[in-house]
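Text of my_file12.cif, listed as mmCIF, C-alpha atoms and all ligand atoms:
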data_structure
loop_
_atom_site.label_atom_id
_atom_site.label_comp_id
_atom_site.auth_asym_id
_atom_site.auth_seq_id
_atom_site.Cartn_x
_atom_site.Cartn_y
_atom_site.Cartn_z
CA MET S 1 -48.63 149.60 22.57
CA ASN S 2 -52.18 148.20 22.68
CA GLU S 3 -54.89 147.06 25.08
CA PHE S 4 -54.06 143.35 24.94
CA TYR S 5 -50.37 143.07 25.49
CA ASN S 6 -47.71 145.07 27.29
CA SER S 7 -44.23 144.17 26.21
CA ILE S 8 -41.31 144.54 28.61
CA TYR S 9 -39.15 145.61 25.66
CA ASP S 10 -38.79 149.03 24.09
CA ASP S 11 -41.48 150.23 21.64
CA LYS S 12 -39.13 152.31 19.47
CA ASP S 13 -36.73 149.39 19.23
CA TYR S 14 -39.68 147.24 18.09
CA GLU S 15 -40.58 149.78 15.38
CA SER S 16 -37.05 149.76 14.03
CA PHE S 17 -37.02 145.91 14.20
CA LEU S 18 -40.06 145.88 11.89
CA ASN S 19 -38.33 148.35 9.54
CA ASN S 20 -35.20 146.20 9.53
CA LEU S 21 -37.22 143.10 8.63
CA ILE S 22 -38.50 144.97 5.58
CA LYS S 23 -35.09 146.31 4.56
CA TYR S 24 -33.09 143.16 5.11
CA PHE S 25 -35.52 140.25 4.67
CA ASN S 26 -38.20 141.89 2.57
CA LEU S 27 -40.72 140.79 5.20
CA ASP S 28 -43.32 143.45 5.90
CA LEU S 29 -45.29 142.71 9.08
CA LYS S 30 -46.64 146.24 9.54
CA GLY S 31 -50.24 145.64 8.50
CA TYR S 32 -50.49 142.83 11.07
CA LYS S 33 -52.13 142.52 14.50
CA GLN S 34 -49.16 143.72 16.50
CA HIS S 35 -50.20 142.34 19.91
CA ARG S 36 -50.16 138.72 18.70
CA LEU S 37 -47.03 139.15 16.70
CA ARG S 38 -45.08 140.93 19.40
CA ARG S 39 -46.05 138.44 22.09
CA ARG S 40 -44.56 135.64 20.00
CA ILE S 41 -41.42 137.62 19.13
CA ASP S 42 -40.91 138.47 22.82
CA ILE S 43 -40.92 134.76 23.68
CA LEU S 44 -37.97 134.34 21.31
CA LEU S 45 -36.07 137.26 22.86
CA LYS S 46 -36.54 135.67 26.30
CA LYS S 47 -35.46 132.27 25.01
CA TYR S 48 -32.10 133.73 23.94
CA ASN S 49 -31.77 136.06 26.94
CA LEU S 50 -31.66 139.12 24.70
CA LYS S 51 -32.25 142.66 25.89
CA SER S 52 -33.42 144.22 22.67
CA TYR S 53 -35.07 143.51 19.33
CA ASN S 54 -31.96 144.90 17.69
CA GLU S 55 -29.82 142.14 19.25
CA TYR S 56 -32.36 139.63 17.98
CA PHE S 57 -32.26 141.15 14.50
CA GLU S 58 -28.44 140.83 14.45
CA MET S 59 -28.86 137.15 15.40
CA LEU S 60 -31.38 136.59 12.58
CA LYS S 61 -29.06 138.20 10.05
CA LYS S 62 -26.17 135.90 10.92
CA ASN S 63 -28.01 132.64 11.34
CA PRO S 64 -30.41 131.15 8.74
CA GLU S 65 -31.56 128.49 11.24
CA LYS S 66 -32.71 131.21 13.63
CA TRP S 67 -34.50 132.90 10.73
CA ASN S 68 -36.36 129.66 9.98
CA GLU S 69 -37.22 129.31 13.66
CA PHE S 70 -38.58 132.88 13.62
CA LEU S 71 -40.84 132.09 10.65
CA ASP S 72 -41.88 128.81 12.27
CA LYS S 73 -42.71 130.27 15.67
CA LEU S 74 -44.82 132.93 14.06
CA THR S 75 -46.43 130.02 12.17
CA ILE S 76 -45.60 132.07 9.14
CA ASN S 77 -44.66 129.10 6.97
CA VAL S 78 -46.49 126.13 8.51
CA THR S 79 -48.32 124.05 5.92
CA GLU S 80 -48.88 120.49 4.65
CA PHE S 81 -50.40 118.61 1.71
CA PHE S 82 -54.21 118.32 1.92
CA ARG S 83 -54.34 120.46 5.07
CA ASN S 84 -57.81 119.74 6.54
CA PRO S 85 -58.45 116.85 4.11
CA GLU S 86 -62.25 116.98 4.39
CA LYS S 87 -62.25 120.54 3.03
CA TRP S 88 -60.23 119.49 -0.02
CA GLU S 89 -62.62 116.59 -0.52
CA PHE S 90 -65.49 119.06 -0.49
CA LEU S 91 -63.66 121.35 -2.90
CA LYS S 92 -63.07 118.45 -5.26
CA ASN S 93 -66.55 116.92 -5.24
CA GLU S 94 -68.87 119.85 -4.62
CA ILE S 95 -67.06 122.74 -6.28
CA LEU S 96 -64.33 121.85 -8.75
CA LYS S 97 -66.32 119.29 -10.70
CA ASP S 98 -68.99 121.92 -11.46
CA LEU S 99 -66.54 124.75 -12.10
CA ILE S 100 -64.63 122.59 -14.57
CA LYS S 101 -67.81 121.50 -16.33
CA GLU S 102 -69.00 125.11 -16.67
CA ASN S 103 -65.61 126.09 -18.14
CA ASN S 104 -65.24 123.24 -20.65
CA GLY S 105 -62.48 121.65 -18.60
CA LYS S 106 -60.48 124.86 -18.07
CA LEU S 107 -59.67 126.43 -14.73
CA LYS S 108 -57.65 129.43 -13.59
CA ALA S 109 -56.66 129.07 -9.94
CA TRP S 110 -54.54 131.02 -7.44
CA SER S 111 -52.99 129.80 -4.22
CA ALA S 112 -52.40 133.09 -2.39
CA GLY S 113 -49.90 132.68 0.46
CA CYS S 114 -48.68 129.32 -0.82
CA SER S 115 -45.69 129.01 1.53
CA THR S 116 -43.48 126.06 0.50
CA GLY S 117 -45.86 124.79 -2.18
CA GLU S 118 -47.88 122.05 -0.51
CA GLU S 119 -51.17 123.90 -1.12
CA PRO S 120 -50.86 124.58 -4.87
CA TYR S 121 -49.45 121.08 -5.42
CA THR S 122 -52.46 119.65 -3.54
CA LEU S 123 -54.68 121.53 -5.95
CA ALA S 124 -52.69 120.22 -8.93
CA ILE S 125 -53.02 116.64 -7.63
CA ILE S 126 -56.79 117.04 -7.30
CA LEU S 127 -57.08 118.51 -10.79
CA HIS S 128 -55.05 115.62 -12.13
CA GLU S 129 -57.41 113.18 -10.39
CA LEU S 130 -60.27 115.01 -12.11
CA GLY S 131 -58.53 114.78 -15.48
CA SER S 132 -58.23 118.56 -15.87
CA LEU S 133 -54.67 119.38 -14.95
CA ASN S 134 -53.49 119.89 -18.52
CA LYS S 135 -56.11 122.60 -19.07
CA ALA S 136 -55.50 124.36 -15.74
CA ASP S 137 -53.49 127.49 -14.94
CA ILE S 138 -52.30 127.35 -11.35
CA ILE S 139 -50.54 130.42 -9.97
CA ALA S 140 -49.03 130.33 -6.50
CA THR S 141 -47.73 133.40 -4.68
CA ASP S 142 -46.03 134.26 -1.42
CA PHE S 143 -43.98 137.16 -0.10
CA ASP S 144 -41.32 134.91 1.42
CA SER S 145 -38.70 134.18 -1.22
CA GLY S 146 -37.12 131.40 0.93
CA ALA S 147 -40.46 129.58 1.01
CA LEU S 148 -40.84 130.00 -2.75
CA GLU S 149 -37.39 128.54 -3.36
CA LYS S 150 -38.38 125.44 -1.39
CA ALA S 151 -41.65 125.25 -3.28
CA ILE S 152 -39.84 125.29 -6.60
CA LYS S 153 -37.49 122.51 -5.45
CA GLY S 154 -40.52 120.49 -4.32
CA ILE S 155 -38.71 118.32 -1.77
CA TYR S 156 -40.63 117.47 1.39
CA SER S 157 -40.27 115.53 4.62
CA GLU S 158 -42.66 112.75 5.64
CA LYS S 159 -44.34 115.24 8.02
CA SER S 160 -45.75 117.30 5.13
CA LEU S 161 -47.30 114.17 3.62
CA VAL S 162 -49.21 112.85 6.68
CA ASN S 163 -52.57 113.19 4.95
CA LEU S 164 -51.56 111.09 1.95
CA SER S 165 -52.07 107.35 1.53
CA LYS S 166 -49.17 105.17 0.35
CA GLU S 167 -50.88 104.89 -3.01
CA MET S 168 -51.05 108.68 -3.39
CA LYS S 169 -47.42 109.06 -2.31
CA ASP S 170 -46.31 106.50 -4.91
CA LYS S 171 -48.40 108.16 -7.58
CA TYR S 172 -47.26 111.75 -7.06
CA PHE S 173 -43.84 111.62 -5.36
CA ILE S 174 -40.39 110.14 -5.85
CA ASN S 175 -39.14 108.60 -2.61
CA LEU S 176 -35.61 110.00 -2.14
CA GLY S 177 -34.92 107.92 0.97
CA ASP S 178 -34.31 109.29 4.50
CA SER S 179 -38.02 110.11 4.70
CA THR S 180 -37.83 112.74 1.99
CA TYR S 181 -40.01 112.91 -1.09
CA GLN S 182 -39.89 114.93 -4.27
CA ILE S 183 -43.04 115.95 -6.06
CA LYS S 184 -43.10 114.49 -9.59
CA ASP S 185 -42.28 116.83 -12.46
CA PHE S 186 -45.68 116.74 -14.13
CA ILE S 187 -47.22 118.19 -10.95
CA LYS S 188 -44.32 120.57 -10.30
CA HIS S 189 -44.42 122.03 -13.79
CA SER S 190 -48.14 122.69 -13.60
CA VAL S 191 -47.68 125.43 -10.98
CA LEU S 192 -46.25 128.88 -11.65
CA PHE S 193 -44.70 130.42 -8.52
CA LYS S 194 -44.39 134.20 -8.13
CA ARG S 195 -43.33 136.52 -5.33
CA MET S 196 -46.10 138.84 -4.25
CA ASN S 197 -47.24 140.79 -1.19
CA LEU S 198 -50.99 140.43 -0.68
CA LEU S 199 -51.18 143.72 1.19
CA TYR S 200 -49.64 145.94 -1.46
CA ASP S 201 -49.36 144.32 -4.87
CA THR S 202 -51.88 144.44 -7.71
CA PHE S 203 -53.84 141.24 -8.32
CA ASP S 204 -54.38 139.40 -11.57
CA LYS S 205 -58.03 138.91 -12.68
CA ASN S 206 -60.44 136.28 -13.97
CA PHE S 207 -59.79 133.51 -11.47
CA ASP S 208 -62.23 130.63 -11.15
CA LEU S 209 -60.76 129.70 -7.79
CA ILE S 210 -58.73 131.55 -5.17
CA VAL S 211 -57.36 129.58 -2.24
CA CYS S 212 -56.15 131.78 0.63
CA ARG S 213 -55.82 129.75 3.81
CA ASN S 214 -54.04 130.40 7.09
CA VAL S 215 -52.49 133.58 5.78
CA VAL S 216 -54.53 136.35 7.43
CA ILE S 217 -53.95 135.35 11.07
CA TYR S 218 -51.90 138.46 11.79
CA PHE S 219 -53.77 140.80 9.43
CA ASP S 220 -55.76 143.50 11.18
CA ASN S 221 -59.47 143.81 10.27
CA GLU S 222 -58.89 146.61 7.79
CA ALA S 223 -56.22 144.62 5.94
CA LYS S 224 -58.46 141.52 5.87
CA GLU S 225 -61.43 143.46 4.54
CA ARG S 226 -59.32 145.06 1.81
CA LEU S 227 -57.89 141.67 0.87
CA TYR S 228 -61.28 139.96 0.60
CA LYS S 229 -62.64 142.85 -1.50
CA ASN S 230 -59.65 142.57 -3.82
CA PHE S 231 -60.18 138.80 -4.09
CA PHE S 232 -63.81 139.45 -5.02
CA GLU S 233 -62.66 141.77 -7.81
CA SER S 234 -60.17 139.17 -9.03
CA LEU S 235 -62.70 136.36 -9.31
CA LYS S 236 -64.77 135.69 -12.40
CA PRO S 237 -68.53 135.71 -11.88
CA GLY S 238 -69.20 132.16 -10.65
CA GLY S 239 -65.71 131.95 -9.09
CA VAL S 240 -65.02 130.66 -5.60
CA LEU S 241 -62.85 131.80 -2.68
CA PHE S 242 -61.66 129.04 -0.31
CA VAL S 243 -60.38 130.27 3.09
CA GLY S 244 -58.81 128.66 6.17
CA SER S 245 -60.72 126.66 8.75
CA THR S 246 -60.67 129.45 11.34
CA GLU S 247 -61.16 132.28 8.87
CA ARG S 248 -64.88 132.58 8.30
CA ILE S 249 -65.73 135.89 6.59
CA PHE S 250 -68.56 137.38 8.63
CA ASN S 251 -69.41 140.28 6.30
CA TYR S 252 -69.24 138.21 3.11
CA LYS S 253 -72.59 139.59 1.89
CA ASP S 254 -71.38 143.21 2.17
CA ILE S 255 -68.47 142.31 -0.08
CA GLY S 256 -70.77 140.63 -2.61
CA PHE S 257 -70.17 136.97 -1.90
CA SER S 258 -72.68 134.26 -1.16
CA SER S 259 -71.72 131.39 1.13
CA ILE S 260 -71.74 127.91 -0.43
CA ALA S 261 -70.57 126.14 2.73
CA PRO S 262 -68.44 127.19 5.68
CA PHE S 263 -65.13 128.55 4.34
CA PHE S 264 -66.27 128.62 0.68
CA TYR S 265 -67.58 131.88 -0.82
CA LYS S 266 -68.93 132.42 -4.27
CA LYS S 267 -69.08 135.45 -6.54
CA GLU S 268 -72.52 134.73 -7.97
CA LYS S 269 -73.55 135.51 -11.53
CA ASN S 270 -77.03 136.39 -12.66
CA GLU S 271 -78.47 135.30 -15.97
CA SER S 272 -76.78 138.08 -17.93
CA GLY S 273 -73.47 137.05 -16.44
CA ASN S 274 -73.30 140.05 -14.08
CA THR S 275 -72.68 139.63 -10.39
CA PHE S 276 -75.30 140.27 -7.76
CA VAL S 277 -75.20 140.62 -4.01
CA GLU S 278 -77.25 137.97 -2.22
CA ARG S 279 -79.78 139.61 0.17
CA LYS S 280 -81.19 138.16 3.35
C1 LIG Z 301 -49.16 129.56 7.56
S1 LIG Z 301 -48.68 129.69 5.87
C2 LIG Z 301 -50.09 129.00 5.06
C3 LIG Z 301 -49.73 128.19 3.85
C4 LIG Z 301 -50.91 127.54 3.13
N1 LIG Z 301 -51.78 128.55 2.58
C5 LIG Z 301 -51.67 126.63 4.04
O1 LIG Z 301 -52.78 126.96 4.46
O2 LIG Z 301 -51.16 125.58 4.40
C6 LIG Z 301 -48.90 131.44 5.58
C7 LIG Z 301 -48.15 131.95 4.36
O3 LIG Z 301 -48.63 133.25 4.06
C8 LIG Z 301 -47.55 134.06 3.66
N2 LIG Z 301 -47.91 135.46 3.87
C9 LIG Z 301 -48.20 136.08 5.04
N3 LIG Z 301 -48.46 137.38 4.83
C10 LIG Z 301 -48.34 137.58 3.48
C11 LIG Z 301 -48.48 138.71 2.65
N4 LIG Z 301 -48.78 139.91 3.15
N5 LIG Z 301 -48.30 138.55 1.32
C12 LIG Z 301 -47.97 137.35 0.81
N6 LIG Z 301 -47.81 136.24 1.54
C13 LIG Z 301 -47.99 136.35 2.87
C14 LIG Z 301 -46.40 133.59 4.53
O4 LIG Z 301 -45.13 133.92 3.98
C15 LIG Z 301 -46.65 132.08 4.58
O5 LIG Z 301 -45.92 131.40 3.62
#
Could you show the structure in this file as structure tokens?
Amino acid sequence: MNEFYNSIYDDKDYESFLNNLIKYFNLDLKGYKQHRLRRRIDILLKKYNLKSYNEYFEMLKKNPEKWNEFLDKLTINVTEFFRNPEKWEFLKNEILKDLIKENNGKLKAWSAGCSTGEEPYTLAIILHELGSLNKADIIATDFDSGALEKAIKGIYSEKSLVNLSKEMKDKYFINLGDSTYQIKDFIKHSVLFKRMNLLYDTFDKNFDLIVCRNVVIYFDNEAKERLYKNFFESLKPGGVLFVGSTERIFNYKDIGFSSIAPFFYKKEKNESGNTFVERK
């Protein structure tokens, strides 16, 4: 099927497995790097001694725990509050303070691929710390409706909160006992969750900040390039794109961005408010 990985399972069966995921679970993995994806799926087939992807699909249909395992093993949903804390610190001190000042306190932000909500809620917490939450619009999208349901409930295990001090936990969460925590309503209600596929759907415009982290790991280069171009179009001049810690954009200048720091890209504005492409 490709130069990197030869599966012992049938290629046609794999194709129909991908089609079934779309039809039944609304999960479209077709634009993804198939060698990585298939290697991980094959490990699960071996684990359950299955002979075909179709058998595995039947198992996923019947058993929600197996479905969650599938998403987990593909690291499709893995997330936590303040993931890579030093990057959020940088966002807060070096980027958000200025963006907010330039916008008279307002901010329109998008967490693209928000999974179970930890990322947009992290952003809401930071904006609250900066005194700007009540003037912020935070939109959070994902194509996994199960993840969005969890996000809307806002209940998390201790594991998701490892990067938070006791003081921060007390300030922003209700301790429900049994090591579970619920995000407080004033944070929860500041985020609008929507279902959206980043590969196919049309994007909203005029964002000051787009956060898209740890989402593109299975995207092929063409899909990534298209996505970053679309993000560029969706940002306001002066807006910033914040990507994951292994997701440096090498051709950022071709797209029109300048690089503020590793993993932060800016759509610059010139004096007349138009964008320009930074040249070497
Ligand atoms: C590993 S999680 C990352 C969550 C969060 N951004 C973070 O960094 O902690 C990746 C998320 O991207 C979502 N995702 C993957 N491909 C997507 C697509 N084409 N459209 C929308 N969401 C997608 C997955 O459903 C998953 O919730």
Protein and nucleic acid residues within 9 Å of ligand LIG 301 (chain Z) (only C-alpha atoms and all ligand atoms) as a PyMOL selection string: chain S and resi 27-29+31-32+71-72+74-83+111-120+141-148+195-201+211-219+243-244
Atom CA of S:Ile255 and atom CA of S:Arg226, how far apart in Å? 9.7 Å
From the options S:Ser16, S:Ser132, S:Ser258, S:Thr122, which residue's atoms come nearest to S:Lys101, counting all atoms listed in the file? S:Ser132
Choose the residue, out of S:Pro85, S:Gly256, S:Gly177, S:Pro262, that has the smallest atom-to-atom separation from S:Leu123; count all atoms listed in the file. S:Pro85
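Shortest atom-to-atom contact with S:Ile155 among S:Ala140, S:Ser179, S:Met168, S:Tyr53: S:Ser179, counting all atoms listed in the file.
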So which residues touch S:Gly131 within 10 Å, counting all atoms listed in the file, skipping near sequence neighbours fewer than 6 positions away, as a VMD selection string? chain S and resid 100 105 125
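Our summary of the geometry notes that atom CA of S:Asp254 is positioned 12.8 Å from atom CA of S:Lys266.
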Residue nearest S:Phe193 - candidates S:Asp42, S:Glu225, S:Glu129, S:Asp137, atoms counted: all atoms listed in the file: S:Asp137
From the list S:Arg38, S:Lys106, S:Lys166, S:Lys236, the nearest residue to S:Asn206 using all atoms listed in the file is S:Lys236
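Between atom CA of S:Ser160 and atom CA of S:Gln182 lies a distance of 11.3 Å.
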Using all atoms listed in the file, collect all residues at a distance of at most 10 Å from (-41.0, 110.7, 5.9) as written in the file, then present them as a list in words. Tyr156, Ser157, Glu158, Lys159, Ser160, Leu161, Val162, Asn175, Leu176, Gly177, Asp178, Ser179, Thr180 and Tyr181 of chain S
What's the 9 Å shell around stretch 92-98 of chain S, counting all atoms listed in the file, without same-chain residues fewer than 2 positions away, as an mmCIF file with C-alpha atoms, keeping the file's coordinate frame?
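Result file part30.cif:
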data_model
loop_
_atom_site.group_PDB
_atom_site.id
_atom_site.type_symbol
_atom_site.label_atom_id
_atom_site.label_comp_id
_atom_site.auth_asym_id
_atom_site.auth_seq_id
_atom_site.Cartn_x
_atom_site.Cartn_y
_atom_site.Cartn_z
ATOM 1 C CA LYS S 87 -62.250 120.540 3.030
ATOM 2 C CA TRP S 88 -60.230 119.490 -0.020
ATOM 3 C CA GLU S 89 -62.620 116.590 -0.520
ATOM 4 C CA PHE S 90 -65.490 119.060 -0.490
ATOM 5 C CA ILE S 100 -64.630 122.590 -14.570
ATOM 6 C CA LYS S 101 -67.810 121.500 -16.330
ATOM 7 C CA GLU S 102 -69.000 125.110 -16.670
ATOM 8 C CA ASN S 103 -65.610 126.090 -18.140
ATOM 9 C CA LEU S 107 -59.670 126.430 -14.730
ATOM 10 C CA LEU S 123 -54.680 121.530 -5.950
ATOM 11 C CA ILE S 126 -56.790 117.040 -7.300
ATOM 12 C CA LEU S 127 -57.080 118.510 -10.790
ATOM 13 C CA LEU S 130 -60.270 115.010 -12.110
ATOM 14 C CA LEU S 209 -60.760 129.700 -7.790
ATOM 15 C CA VAL S 240 -65.020 130.660 -5.600
#
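Each of S:Lys269, S:Arg248, S:Lys194, S:Lys51 was checked against S:Ile8 using all atoms listed in the file; the smallest atom-to-atom distance is that of S:Lys51.
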Got a sec: who's within 10 Å of S:Phe4, counting all atoms listed in the file, leaving out chain neighbours fewer than 6 positions off, as a PyMOL selection string? chain S and resi 34-36+39
